[in-house]
file model-v1.cif (mmCIF, C-alpha atoms and all ligand atoms)
data_target
loop_
_atom_site.label_atom_id
_atom_site.label_comp_id
_atom_site.auth_asym_id
_atom_site.auth_seq_id
_atom_site.Cartn_x
_atom_site.Cartn_y
_atom_site.Cartn_z
CA MET A 1 29.48 26.82 -33.57
CA ASP A 2 27.83 24.26 -31.27
CA ALA A 3 24.05 24.11 -31.34
CA PRO A 4 22.57 25.85 -28.27
CA ILE A 5 21.39 23.57 -25.48
CA ILE A 6 17.69 24.10 -25.03
CA GLU A 7 16.76 24.90 -21.43
CA LEU A 8 14.01 22.78 -19.90
CA ALA A 9 10.96 24.16 -18.11
CA ALA A 10 11.34 24.52 -14.34
CA ARG A 11 8.40 22.18 -13.71
CA VAL A 12 10.20 19.21 -15.23
CA LYS A 13 13.44 19.90 -13.37
CA ASP A 14 11.56 19.70 -10.09
CA ILE A 15 10.28 16.17 -10.58
CA LYS A 16 11.84 12.74 -11.06
CA ALA A 17 10.77 10.05 -13.52
CA SER A 18 8.57 7.36 -11.96
CA PRO A 19 10.91 5.22 -9.81
CA THR A 20 8.69 2.13 -10.06
CA LEU A 21 8.84 2.20 -13.85
CA ALA A 22 12.59 2.97 -13.71
CA VAL A 23 13.43 -0.06 -11.52
CA ASP A 24 11.24 -2.25 -13.70
CA ALA A 25 13.08 -1.06 -16.82
CA LYS A 26 16.45 -1.72 -15.15
CA ALA A 27 15.39 -5.23 -14.08
CA LYS A 28 14.10 -6.02 -17.58
CA ALA A 29 17.30 -4.70 -19.20
CA LEU A 30 19.44 -6.89 -16.91
CA LYS A 31 17.23 -9.86 -17.72
CA ALA A 32 17.58 -9.19 -21.44
CA GLU A 33 21.36 -9.30 -20.96
CA GLY A 34 20.95 -12.79 -19.53
CA ALA A 35 21.02 -12.03 -15.78
CA ASP A 36 18.73 -14.20 -13.67
CA VAL A 37 16.90 -11.22 -12.13
CA LEU A 38 13.82 -11.84 -10.01
CA ASN A 39 11.50 -8.89 -10.46
CA PHE A 40 9.55 -7.82 -7.37
CA SER A 41 9.48 -4.21 -8.46
CA VAL A 42 6.66 -2.98 -10.64
CA GLY A 43 3.06 -3.31 -9.53
CA GLU A 44 1.58 -5.31 -12.34
CA PRO A 45 -0.49 -8.51 -12.16
CA ASP A 46 1.41 -11.52 -13.54
CA PHE A 47 -1.82 -12.66 -15.24
CA ASP A 48 -2.82 -12.22 -18.86
CA THR A 49 -5.80 -10.04 -19.73
CA PRO A 50 -8.80 -12.45 -19.80
CA PRO A 51 -9.49 -13.92 -23.29
CA HIS A 52 -12.98 -12.43 -23.68
CA VAL A 53 -11.51 -8.97 -23.06
CA CYS A 54 -8.79 -9.50 -25.68
CA GLU A 55 -11.45 -10.76 -28.12
CA ALA A 56 -13.45 -7.56 -27.59
CA GLY A 57 -10.33 -5.55 -28.46
CA LYS A 58 -9.77 -7.63 -31.59
CA ALA A 59 -13.42 -7.30 -32.60
CA ALA A 60 -13.14 -3.52 -32.24
CA ILE A 61 -10.27 -3.53 -34.74
CA ASP A 62 -12.10 -5.89 -37.12
CA GLU A 63 -15.17 -3.65 -36.99
CA ARG A 64 -12.89 -0.67 -37.66
CA PHE A 65 -13.85 0.93 -34.38
CA THR A 66 -10.68 2.90 -34.86
CA ARG A 67 -11.62 6.57 -34.89
CA TYR A 68 -11.69 9.32 -32.29
CA THR A 69 -14.22 8.64 -29.56
CA PRO A 70 -16.00 11.27 -27.46
CA VAL A 71 -13.49 13.07 -25.22
CA PRO A 72 -14.84 11.60 -21.93
CA GLY A 73 -14.91 8.06 -23.38
CA ILE A 74 -17.61 6.05 -25.16
CA LEU A 75 -21.06 6.25 -23.60
CA PRO A 76 -21.51 2.47 -23.04
CA LEU A 77 -18.28 2.38 -21.06
CA ARG A 78 -19.28 5.35 -18.92
CA GLU A 79 -22.67 3.71 -18.40
CA ALA A 80 -20.91 0.49 -17.39
CA VAL A 81 -18.85 2.43 -14.82
CA CYS A 82 -22.07 3.92 -13.40
CA SER A 83 -23.65 0.45 -13.20
CA ARG A 84 -20.63 -0.93 -11.38
CA LEU A 85 -20.58 1.90 -8.85
CA SER A 86 -24.27 1.42 -8.23
CA ALA A 87 -24.17 -2.40 -8.02
CA ASP A 88 -21.00 -2.62 -5.93
CA HIS A 89 -21.58 0.34 -3.60
CA GLY A 90 -25.03 1.80 -4.09
CA TRP A 91 -23.56 5.09 -5.34
CA HIS A 92 -25.52 6.78 -8.10
CA TYR A 93 -23.65 8.46 -10.94
CA GLN A 94 -24.72 9.57 -14.41
CA PRO A 95 -22.47 9.11 -17.48
CA ASP A 96 -21.74 12.87 -17.56
CA GLN A 97 -20.17 12.42 -14.13
CA VAL A 98 -17.61 9.94 -15.49
CA GLN A 99 -14.42 10.44 -17.44
CA VAL A 100 -12.46 7.59 -19.02
CA SER A 101 -8.73 8.39 -19.20
CA CYS A 102 -5.47 6.88 -20.45
CA GLY A 103 -4.98 4.81 -17.31
CA GLY A 104 -5.81 5.82 -13.77
CA LYS A 105 -2.59 7.79 -13.70
CA HIS A 106 -3.84 10.17 -16.35
CA GLY A 107 -7.18 10.51 -14.58
CA LEU A 108 -5.27 11.72 -11.56
CA TYR A 109 -3.28 14.08 -13.76
CA ASN A 110 -6.48 15.53 -15.27
CA MET A 111 -7.95 15.95 -11.79
CA ALA A 112 -4.92 17.77 -10.45
CA GLN A 113 -4.85 20.06 -13.47
CA ALA A 114 -8.56 20.79 -13.07
CA LEU A 115 -8.51 21.38 -9.32
CA PHE A 116 -5.19 22.69 -8.06
CA GLY A 117 -2.74 25.46 -8.86
CA PRO A 118 -0.02 27.66 -7.37
CA GLY A 119 -0.53 28.39 -3.68
CA ASP A 120 -2.74 25.33 -3.14
CA GLU A 121 -1.70 22.56 -0.78
CA VAL A 122 -2.78 18.94 -1.17
CA LEU A 123 -2.50 16.47 1.71
CA ILE A 124 -0.86 13.16 0.85
CA PRO A 125 -0.52 10.50 3.54
CA ALA A 126 2.88 8.72 3.38
CA PRO A 127 3.83 6.02 2.47
CA TYR A 128 2.22 7.22 -0.76
CA TRP A 129 2.11 5.96 -4.33
CA VAL A 130 5.11 7.41 -6.17
CA SER A 131 3.13 9.50 -8.66
CA TYR A 132 0.96 11.53 -6.27
CA PRO A 133 3.49 14.24 -5.32
CA PRO A 134 4.82 14.86 -8.86
CA ILE A 135 1.30 15.00 -10.32
CA ILE A 136 0.39 17.65 -7.74
CA GLN A 137 3.64 19.52 -8.44
CA LEU A 138 3.02 19.42 -12.19
CA ALA A 139 -0.22 21.31 -11.50
CA GLY A 140 1.86 23.99 -9.74
CA ALA A 141 0.46 23.07 -6.32
CA THR A 142 2.32 21.86 -3.21
CA PRO A 143 2.11 18.29 -1.90
CA VAL A 144 1.97 18.25 1.91
CA ILE A 145 3.09 14.90 3.24
CA VAL A 146 1.27 13.49 6.29
CA PRO A 147 3.28 10.68 7.92
CA LEU A 148 1.54 7.41 8.81
CA ASP A 149 2.87 5.03 11.41
CA GLU A 150 3.80 1.39 11.02
CA GLU A 151 2.73 0.84 14.67
CA SER A 152 -0.84 1.82 13.84
CA ASP A 153 -0.88 -0.29 10.66
CA PHE A 154 -0.45 2.86 8.54
CA ASP A 155 -3.91 4.12 9.49
CA LEU A 156 -4.34 7.88 9.50
CA ASP A 157 -4.39 9.57 12.90
CA PRO A 158 -6.77 12.57 12.75
CA ALA A 159 -4.67 14.44 15.35
CA VAL A 160 -1.59 14.09 13.13
CA LEU A 161 -3.58 15.15 10.05
CA HIS A 162 -4.61 18.35 11.86
CA GLN A 163 -0.96 19.37 12.18
CA TYR A 164 -0.58 19.50 8.40
CA VAL A 165 -3.76 21.37 7.58
CA SER A 166 -3.46 25.04 6.64
CA PRO A 167 -5.74 27.71 5.19
CA ARG A 168 -4.20 26.82 1.83
CA THR A 169 -5.24 23.13 2.01
CA ARG A 170 -7.44 22.40 -0.99
CA GLY A 171 -7.59 18.65 -1.07
CA ILE A 172 -6.48 15.23 0.13
CA ILE A 173 -5.56 12.00 -1.68
CA LEU A 174 -6.71 8.73 -0.12
CA ASN A 175 -5.61 5.29 -1.29
CA SER A 176 -7.19 2.34 0.48
CA PRO A 177 -6.02 -0.41 0.04
CA SER A 178 -2.74 1.39 -0.28
CA ASN A 179 0.15 1.08 -2.64
CA PRO A 180 2.75 0.42 -1.16
CA THR A 181 1.58 -0.78 2.29
CA GLY A 182 -1.59 -2.74 1.47
CA SER A 183 -3.17 -1.08 4.51
CA VAL A 184 -6.72 0.22 4.61
CA LEU A 185 -8.05 3.37 6.25
CA SER A 186 -10.29 2.78 9.27
CA ALA A 187 -13.85 4.08 9.51
CA ARG A 188 -12.66 6.34 12.35
CA ALA A 189 -9.98 7.95 10.17
CA LEU A 190 -12.38 8.36 7.26
CA GLU A 191 -15.02 9.95 9.49
CA ALA A 192 -12.48 12.50 10.73
CA ILE A 193 -11.26 13.24 7.18
CA GLY A 194 -14.84 13.51 5.91
CA LYS A 195 -15.75 15.96 8.68
CA MET A 196 -12.75 18.17 7.97
CA ALA A 197 -13.34 17.99 4.21
CA LEU A 198 -16.97 19.08 4.63
CA GLU A 199 -16.10 21.92 7.01
CA ARG A 200 -13.26 23.24 4.91
CA GLY A 201 -14.44 22.47 1.39
CA TRP A 202 -11.60 20.16 0.39
CA ALA A 203 -11.60 18.05 -2.73
CA VAL A 204 -11.29 14.41 -1.70
CA ILE A 205 -9.58 12.12 -4.18
CA THR A 206 -10.13 8.48 -3.36
CA ASP A 207 -7.90 6.15 -5.36
CA ASP A 208 -9.73 2.82 -5.25
CA ILE A 209 -7.61 1.04 -7.86
CA TYR A 210 -6.91 -1.95 -5.54
CA ASP A 211 -10.50 -2.37 -4.37
CA THR A 212 -10.92 -5.78 -6.02
CA ILE A 213 -7.78 -7.13 -4.37
CA VAL A 214 -8.89 -7.33 -0.75
CA TYR A 215 -8.11 -10.13 1.72
CA GLY A 216 -10.79 -11.07 4.23
CA SER A 217 -14.52 -10.72 3.88
CA ASP A 218 -15.17 -7.41 5.67
CA LYS A 219 -16.46 -4.63 3.45
CA LEU A 220 -13.89 -1.86 3.44
CA PRO A 221 -14.91 1.46 4.95
CA HIS A 222 -15.13 4.18 2.29
CA ILE A 223 -15.14 7.97 2.51
CA LEU A 224 -18.36 8.18 0.48
CA ASP A 225 -20.15 6.04 3.04
CA VAL A 226 -19.24 8.49 5.83
CA ASP A 227 -21.64 11.22 4.71
CA PRO A 228 -23.58 11.33 1.43
CA ARG A 229 -22.89 15.09 1.15
CA LEU A 230 -19.24 14.23 0.45
CA SER A 231 -20.18 13.08 -3.05
CA GLU A 232 -20.34 16.79 -4.03
CA GLN A 233 -16.59 17.11 -3.43
CA THR A 234 -15.23 13.58 -3.94
CA LEU A 235 -13.55 12.11 -7.00
CA ILE A 236 -13.40 8.33 -7.26
CA LEU A 237 -10.44 7.04 -9.23
CA ASN A 238 -10.38 3.49 -10.54
CA GLY A 239 -9.54 1.50 -13.65
CA VAL A 240 -9.01 -1.91 -15.18
CA SER A 241 -5.19 -2.07 -14.98
CA LYS A 242 -5.12 -4.09 -11.78
CA SER A 243 -8.59 -5.65 -11.62
CA PHE A 244 -8.45 -7.14 -15.14
CA ALA A 245 -4.67 -7.33 -15.64
CA MET A 246 -4.86 -4.62 -18.30
CA THR A 247 -1.90 -2.40 -17.45
CA GLY A 248 -0.83 -1.99 -21.09
CA TRP A 249 -4.28 -1.09 -22.40
CA ARG A 250 -4.24 2.20 -20.45
CA ILE A 251 -7.81 2.59 -19.31
CA GLY A 252 -8.77 4.29 -16.04
CA TYR A 253 -11.83 6.21 -14.98
CA THR A 254 -12.95 8.93 -12.62
CA ALA A 255 -16.44 9.52 -11.22
CA GLY A 256 -17.32 12.76 -9.49
CA PRO A 257 -19.24 16.02 -9.53
CA LYS A 258 -20.37 17.01 -13.03
CA HIS A 259 -18.60 20.39 -13.11
CA ILE A 260 -15.25 18.85 -12.14
CA ILE A 261 -15.59 16.07 -14.72
CA ALA A 262 -16.46 18.74 -17.32
CA ALA A 263 -13.28 20.64 -16.40
CA MET A 264 -11.26 17.43 -16.66
CA ASN A 265 -12.81 16.80 -20.07
CA LYS A 266 -11.68 20.24 -21.22
CA ILE A 267 -8.12 19.30 -20.24
CA GLN A 268 -8.37 15.87 -21.84
CA SER A 269 -9.71 17.44 -25.07
CA GLN A 270 -6.55 19.54 -25.25
CA SER A 271 -4.14 16.77 -24.34
CA THR A 272 -4.93 13.15 -25.25
CA SER A 273 -8.35 13.79 -26.94
CA ASN A 274 -9.57 10.39 -25.77
CA PRO A 275 -8.16 7.04 -24.64
CA SER A 276 -7.67 4.40 -27.35
CA SER A 277 -10.98 3.39 -28.95
CA VAL A 278 -9.92 -0.27 -29.07
CA ALA A 279 -8.88 -0.32 -25.41
CA GLN A 280 -12.19 1.28 -24.43
CA ARG A 281 -14.11 -1.58 -26.10
CA ALA A 282 -11.93 -4.09 -24.25
CA ALA A 283 -12.54 -2.31 -20.94
CA LEU A 284 -16.27 -2.37 -21.68
CA ALA A 285 -16.08 -6.16 -22.05
CA ALA A 286 -14.17 -6.34 -18.76
CA LEU A 287 -16.70 -4.30 -16.80
CA THR A 288 -19.84 -5.82 -18.33
CA GLY A 289 -18.71 -9.45 -18.76
CA PRO A 290 -18.22 -12.21 -16.17
CA GLN A 291 -16.72 -10.91 -12.94
CA ASP A 292 -14.93 -14.10 -11.89
CA PHE A 293 -11.48 -12.96 -13.09
CA PRO A 294 -10.69 -10.40 -10.35
CA VAL A 295 -11.90 -12.89 -7.73
CA ALA A 296 -9.72 -15.71 -9.13
CA MET A 297 -6.73 -13.39 -9.26
CA ARG A 298 -7.27 -12.26 -5.67
CA ASP A 299 -7.60 -15.92 -4.60
CA ALA A 300 -4.31 -16.73 -6.35
CA PHE A 301 -2.59 -13.98 -4.34
CA VAL A 302 -3.70 -15.41 -0.98
CA PRO A 303 -1.09 -18.22 -0.65
CA ARG A 304 1.61 -15.95 -2.07
CA LEU A 305 0.84 -13.32 0.55
CA ALA A 306 0.90 -15.96 3.30
CA PHE A 307 4.25 -17.23 2.05
CA ILE A 308 6.01 -13.89 1.69
CA MET A 309 4.71 -12.61 5.05
CA GLU A 310 5.97 -15.70 6.81
CA ALA A 311 9.32 -15.64 5.03
CA LEU A 312 9.95 -11.95 5.72
CA THR A 313 8.89 -11.90 9.34
CA ALA A 314 10.99 -15.04 10.02
CA MET A 315 14.09 -13.00 9.07
CA GLU A 316 15.79 -11.28 11.96
CA GLY A 317 15.10 -7.59 12.38
CA ILE A 318 12.32 -7.33 9.81
CA SER A 319 8.83 -6.20 10.75
CA CYS A 320 6.01 -6.08 8.24
CA VAL A 321 2.43 -4.88 8.54
CA ARG A 322 0.11 -7.52 7.08
CA PRO A 323 -1.54 -6.05 3.97
CA ARG A 324 -5.32 -6.12 3.87
CA GLY A 325 -5.37 -5.53 0.15
CA SER A 326 -3.20 -4.95 -2.98
CA PHE A 327 -0.31 -7.20 -4.02
CA TYR A 328 2.46 -5.44 -2.13
CA VAL A 329 4.28 -6.00 1.13
CA PHE A 330 6.26 -3.18 2.65
CA PRO A 331 8.69 -4.60 5.24
CA ASN A 332 10.70 -2.34 7.53
CA MET A 333 14.34 -3.12 6.76
CA SER A 334 15.97 -0.30 8.71
CA TRP A 335 17.72 -2.74 11.09
CA CYS A 336 20.39 -3.21 8.43
CA TYR A 337 21.03 0.48 7.73
CA GLY A 338 24.59 1.30 8.77
CA ARG A 339 25.77 -2.28 8.20
CA LYS A 340 28.38 -3.26 5.66
CA ALA A 341 28.40 -5.73 2.79
CA LYS A 342 31.31 -8.14 2.21
CA ASP A 343 32.98 -5.67 -0.15
CA GLY A 344 32.76 -2.87 2.43
CA GLN A 345 29.77 -1.18 0.78
CA VAL A 346 27.68 0.52 3.47
CA ILE A 347 23.92 0.04 3.41
CA ALA A 348 22.97 3.59 4.33
CA ASP A 349 19.30 3.71 3.38
CA SER A 350 16.54 2.09 1.32
CA VAL A 351 18.10 3.19 -1.98
CA SER A 352 21.46 1.60 -1.18
CA LEU A 353 19.73 -1.52 0.14
CA ALA A 354 17.68 -1.89 -3.07
CA ASP A 355 20.86 -1.34 -5.12
CA TYR A 356 22.70 -3.96 -3.05
CA LEU A 357 19.86 -6.47 -3.49
CA LEU A 358 19.78 -5.91 -7.24
CA GLU A 359 23.55 -6.09 -7.71
CA LYS A 360 24.38 -8.90 -5.28
CA ALA A 361 21.21 -11.01 -5.21
CA LEU A 362 19.60 -10.05 -8.53
CA LEU A 363 16.44 -9.05 -6.69
CA ALA A 364 14.58 -6.04 -8.08
CA THR A 365 12.61 -4.18 -5.39
CA VAL A 366 11.53 -0.56 -4.95
CA PRO A 367 13.22 1.47 -2.18
CA GLY A 368 10.83 2.92 0.40
CA ALA A 369 12.28 6.39 -0.21
CA ALA A 370 10.32 6.42 -3.49
CA PHE A 371 7.14 6.22 -1.39
CA GLY A 372 8.29 8.76 1.20
CA ALA A 373 9.25 6.09 3.77
CA ASP A 374 12.97 5.33 3.80
CA SER A 375 12.87 2.57 6.44
CA PHE A 376 11.07 0.24 4.05
CA ILE A 377 11.41 -1.70 0.80
CA ARG A 378 8.47 -2.66 -1.44
CA PHE A 379 8.03 -6.16 -2.82
CA SER A 380 5.24 -6.90 -5.28
CA PHE A 381 4.05 -10.48 -4.83
CA ALA A 382 2.23 -10.48 -8.18
CA THR A 383 4.70 -13.09 -9.27
CA SER A 384 4.87 -16.90 -9.22
CA MET A 385 5.38 -18.96 -6.08
CA GLU A 386 8.65 -20.30 -7.54
CA VAL A 387 9.98 -16.75 -7.92
CA LEU A 388 8.81 -15.90 -4.40
CA GLU A 389 10.53 -18.95 -2.92
CA GLU A 390 13.79 -18.34 -4.72
CA GLY A 391 13.59 -14.61 -3.99
CA MET A 392 13.16 -15.08 -0.26
CA LYS A 393 16.10 -17.52 -0.21
CA ARG A 394 18.30 -14.98 -1.97
CA LEU A 395 17.12 -12.21 0.34
CA ALA A 396 18.00 -14.23 3.45
CA VAL A 397 21.49 -14.97 2.08
CA ALA A 398 22.12 -11.34 1.02
CA LEU A 399 20.97 -9.95 4.36
CA GLY A 400 22.95 -12.61 6.22
CA GLU A 401 26.13 -11.32 4.61
CA LEU A 402 25.71 -7.86 6.13
CA HIS A 403 27.65 -7.16 9.28
N1 LIG B 501 -3.08 4.39 -8.31
C1 LIG B 501 -2.25 3.54 -7.73
C2 LIG B 501 -2.22 3.49 -6.24
C3 LIG B 501 -1.42 2.71 -8.48
O1 LIG B 501 -0.61 1.84 -7.88
C4 LIG B 501 -1.44 2.82 -9.87
C5 LIG B 501 -0.42 2.04 -10.64
N2 LIG B 501 -0.82 1.24 -11.54
C6 LIG B 501 -2.37 3.71 -10.45
C7 LIG B 501 -3.15 4.50 -9.64
C8 LIG B 501 -2.51 3.93 -11.93
O2 LIG B 501 -2.66 2.80 -12.66
P1 LIG B 501 -2.91 2.86 -14.23
O3 LIG B 501 -2.44 4.17 -14.71
O4 LIG B 501 -2.15 1.71 -14.76
O5 LIG B 501 -4.40 2.71 -14.41
N1 LIG B 502 1.46 1.50 -10.00
C1 LIG B 502 2.42 0.49 -10.29
C2 LIG B 502 3.52 0.49 -9.25
O1 LIG B 502 3.43 1.17 -8.27
C3 LIG B 502 2.88 0.57 -11.69
C4 LIG B 502 4.00 1.52 -12.00
C5 LIG B 502 3.57 2.94 -12.01
O2 LIG B 502 2.59 3.27 -12.68
O3 LIG B 502 4.20 3.69 -11.29
O4 LIG B 502 4.46 -0.24 -9.40
#

call {"tool": "encode", "arguments": {"input": "model-v1.cif", "output": "structure tokens"}}
result
Amino acid sequence: MDAPIIELAARVKDIKASPTLAVDAKAKALKAEGADVLNFSVGEPDFDTPPHVCEAGKAAIDERFTRYTPVPGILPLREAVCSRLSADHGWHYQPDQVQVSCGGKHGLYNMAQALFGPGDEVLIPAPYWVSYPPIIQLAGATPVIVPLDEESDFDLDPAVLHQYVSPRTRGIILNSPSNPTGSVLSARALEAIGKMALERGWAVITDDIYDTIVYGSDKLPHILDVDPRLSEQTLILNGVSKSFAMTGWRIGYTAGPKHIIAAMNKIQSQSTSNPSSVAQRAALAALTGPQDFPVAMRDAFVPRLAFIMEALTAMEGISCVRPRGSFYVFPNMSWCYGRKAKDGQVIADSVSLADYLLEKALLATVPGAAFGADSFIRFSFATSMEVLEEGMKRLAVALGELH
């Protein structure tokens, strides 16, 4: 008799695996087979973690700092987060208002589990980061997608937001600078969101993970600067993955109201227990040591951004909003939908375009559909200038062959 096939839970059938990580894995597998793939897919700095941060990790091992830590993370790290929030923004948090998690992604997961459940709706402006809707779904709640417009630089229009609000709305996720567009939310949009959130008691999740990668000198508007009362219902998500090129160390953090952090800690205590002790020591070195690394990395992205913007917008039919932060560009490629490749393959949408670019030009990108915006394709420019130059050449040739 054959062994029975175990049925999976409904919640896992309703979600897809992370498409950004999936494309990255595919690109790396092709590369391992010897293909000359240029990887513009995953959002990961092409820098190494700074040496002093690595040394702190090594020292933690040598000192045998290798046991369970407190569930919310080690106190010095939570204190360092509070100091940063105070020094950078003038926001005052206590260590019991901070949770350190296994990457920002898991902070978001803990938040969703602590705040939302069946019947609750959570507003997510689109284009959105790929993991927001599934994380909300995994909590049993419903993501409600609010479309943003390329014409208004992907800013949020309060009148549009109103159309998606219902008595079941319990929260909203903001991401400024945004992955995948690089756009930032205007003070006007944030004021309108803040007003609605205060009136209706929404939880506001502000994902600030790209806040060190900002182009231009203007201070970005922030929801917490709209009205100090919002701090009672706002959760700030951040981490060291992007700012200190520490994606593999898996350290993120959340700051927010004490009772919500306590609820998140309960969930963390029953799931991961705590993030890696060694990685926490490294993150502590990152947050308390010299702060020149994020600035140098941002400065290195400036010429790459200039290059890729110029190359893309010089290609016929492509429009692209200039990012104000992050290391992504999100060009509108829909002019070529409906066209055919040399072998007769029809480019129907962003998924088929990304497939075509990977198969024919060995360019790994992420289709806009993964971000809820099918007209677009995401390129990460956290890669060398040589790769960017070669990539844009290949893109022009591949697009030129469509008719
Ligand atoms: N938010 C956004 C918008 C992201 O792009 C990412 C991806 N790294 C994260 C959160 C989570 O990052 P991590 O889990 O690596 O800290
Ligand atoms: N956030 C990055 C991206 O969008 C890393 C991959 C992931 O966590 O989804 O590519």

call {"tool": "residues_around", "arguments": {"input": "model-v1.cif", "residues": "Val160 in chain A", "least_positions_apart": "4", "cutoff": "10 Å", "atoms": "all atoms listed in the file", "output": "count of residues only"}}
result
6

call {"tool": "atom_distance", "arguments": {"input": "model-v1.cif", "atom1": "CA of Pro45 in chain A", "atom2": "CA of Ala245 in chain A"}}
result
5.6 Å

call {"tool": "closest_atom_pairs", "arguments": {"input": "model-v1.cif", "of": "chain A", "to": "ligand LIG 502 (chain B)", "cutoff": "8 Å", "atoms": "all atoms listed in the file", "output": "tab-separated table"}}
result
residue	atom	partner	partner_atom	distance
A:Ser18	CA	B:LIG502	O3	5.7
A:Pro19	CA	B:LIG502	O3	7.0
A:Thr20	CA	B:LIG502	O4	4.9
A:Leu21	CA	B:LIG502	C4	5.2
A:Ser41	CA	B:LIG502	O4	6.5
A:Val42	CA	B:LIG502	O4	3.7
A:Gly43	CA	B:LIG502	O4	3.4
A:Glu44	CA	B:LIG502	C3	6.1
A:Lys105	CA	B:LIG502	O2	7.0
A:Trp129	CA	B:LIG502	O1	6.3
A:Val130	CA	B:LIG502	O3	6.4
A:Ser131	CA	B:LIG502	O3	6.5
A:Asn179	CA	B:LIG502	O1	6.5
A:Pro180	CA	B:LIG502	O1	7.2
A:Ser380	CA	B:LIG502	O4	7.9

call {"tool": "atom_distance", "arguments": {"input": "model-v1.cif", "atom1": "CA of Glu121 in chain A", "atom2": "CA of Thr234 in chain A"}}
result
16.5 Å

call {"tool": "closest_residue", "arguments": {"input": "model-v1.cif", "among": "A:Pro4, A:Gly344, A:Gly119, A:Pro331", "to": "Thr313 in chain A", "atoms": "all atoms listed in the file"}}
result
A:Pro331

call {"tool": "residues_near_ligand", "arguments": {"input": "model-v1.cif", "ligand": "ligand LIG 501 (chain B)", "cutoff": "7 Å", "atoms": "all atoms listed in the file", "output": "list in words"}}
result
Gly43, Gly103, Gly104, Lys105, His106, Trp129, Asn175, Ser178, Asn179, Asp207, Ile209, Gly239, Val240, Ser241, Lys242, Thr247, Arg250, Ile251 and Gly252 of chain A

call {"tool": "closest_residue", "arguments": {"input": "model-v1.cif", "among": "A:Leu38, A:Ser166, A:Thr212, A:Ser326", "to": "Glu386 in chain A", "atoms": "all atoms listed in the file"}}
result
A:Leu38

call {"tool": "residues_around", "arguments": {"input": "model-v1.cif", "residues": "range 73-77 of chain A", "least_positions_apart": "3", "cutoff": "10 Å", "atoms": "all atoms listed in the file", "output": "VMD selection string"}}
result
chain A and resid 68 to 70 80 to 83 95 to 96 98 to 102 251 253 265 273 to 277 280 to 288

call {"tool": "closest_residue", "arguments": {"input": "model-v1.cif", "among": "A:Val302, A:Ala396, A:Leu198, A:Val37", "to": "Leu363 in chain A", "atoms": "only C-alpha atoms"}}
result
A:Val37
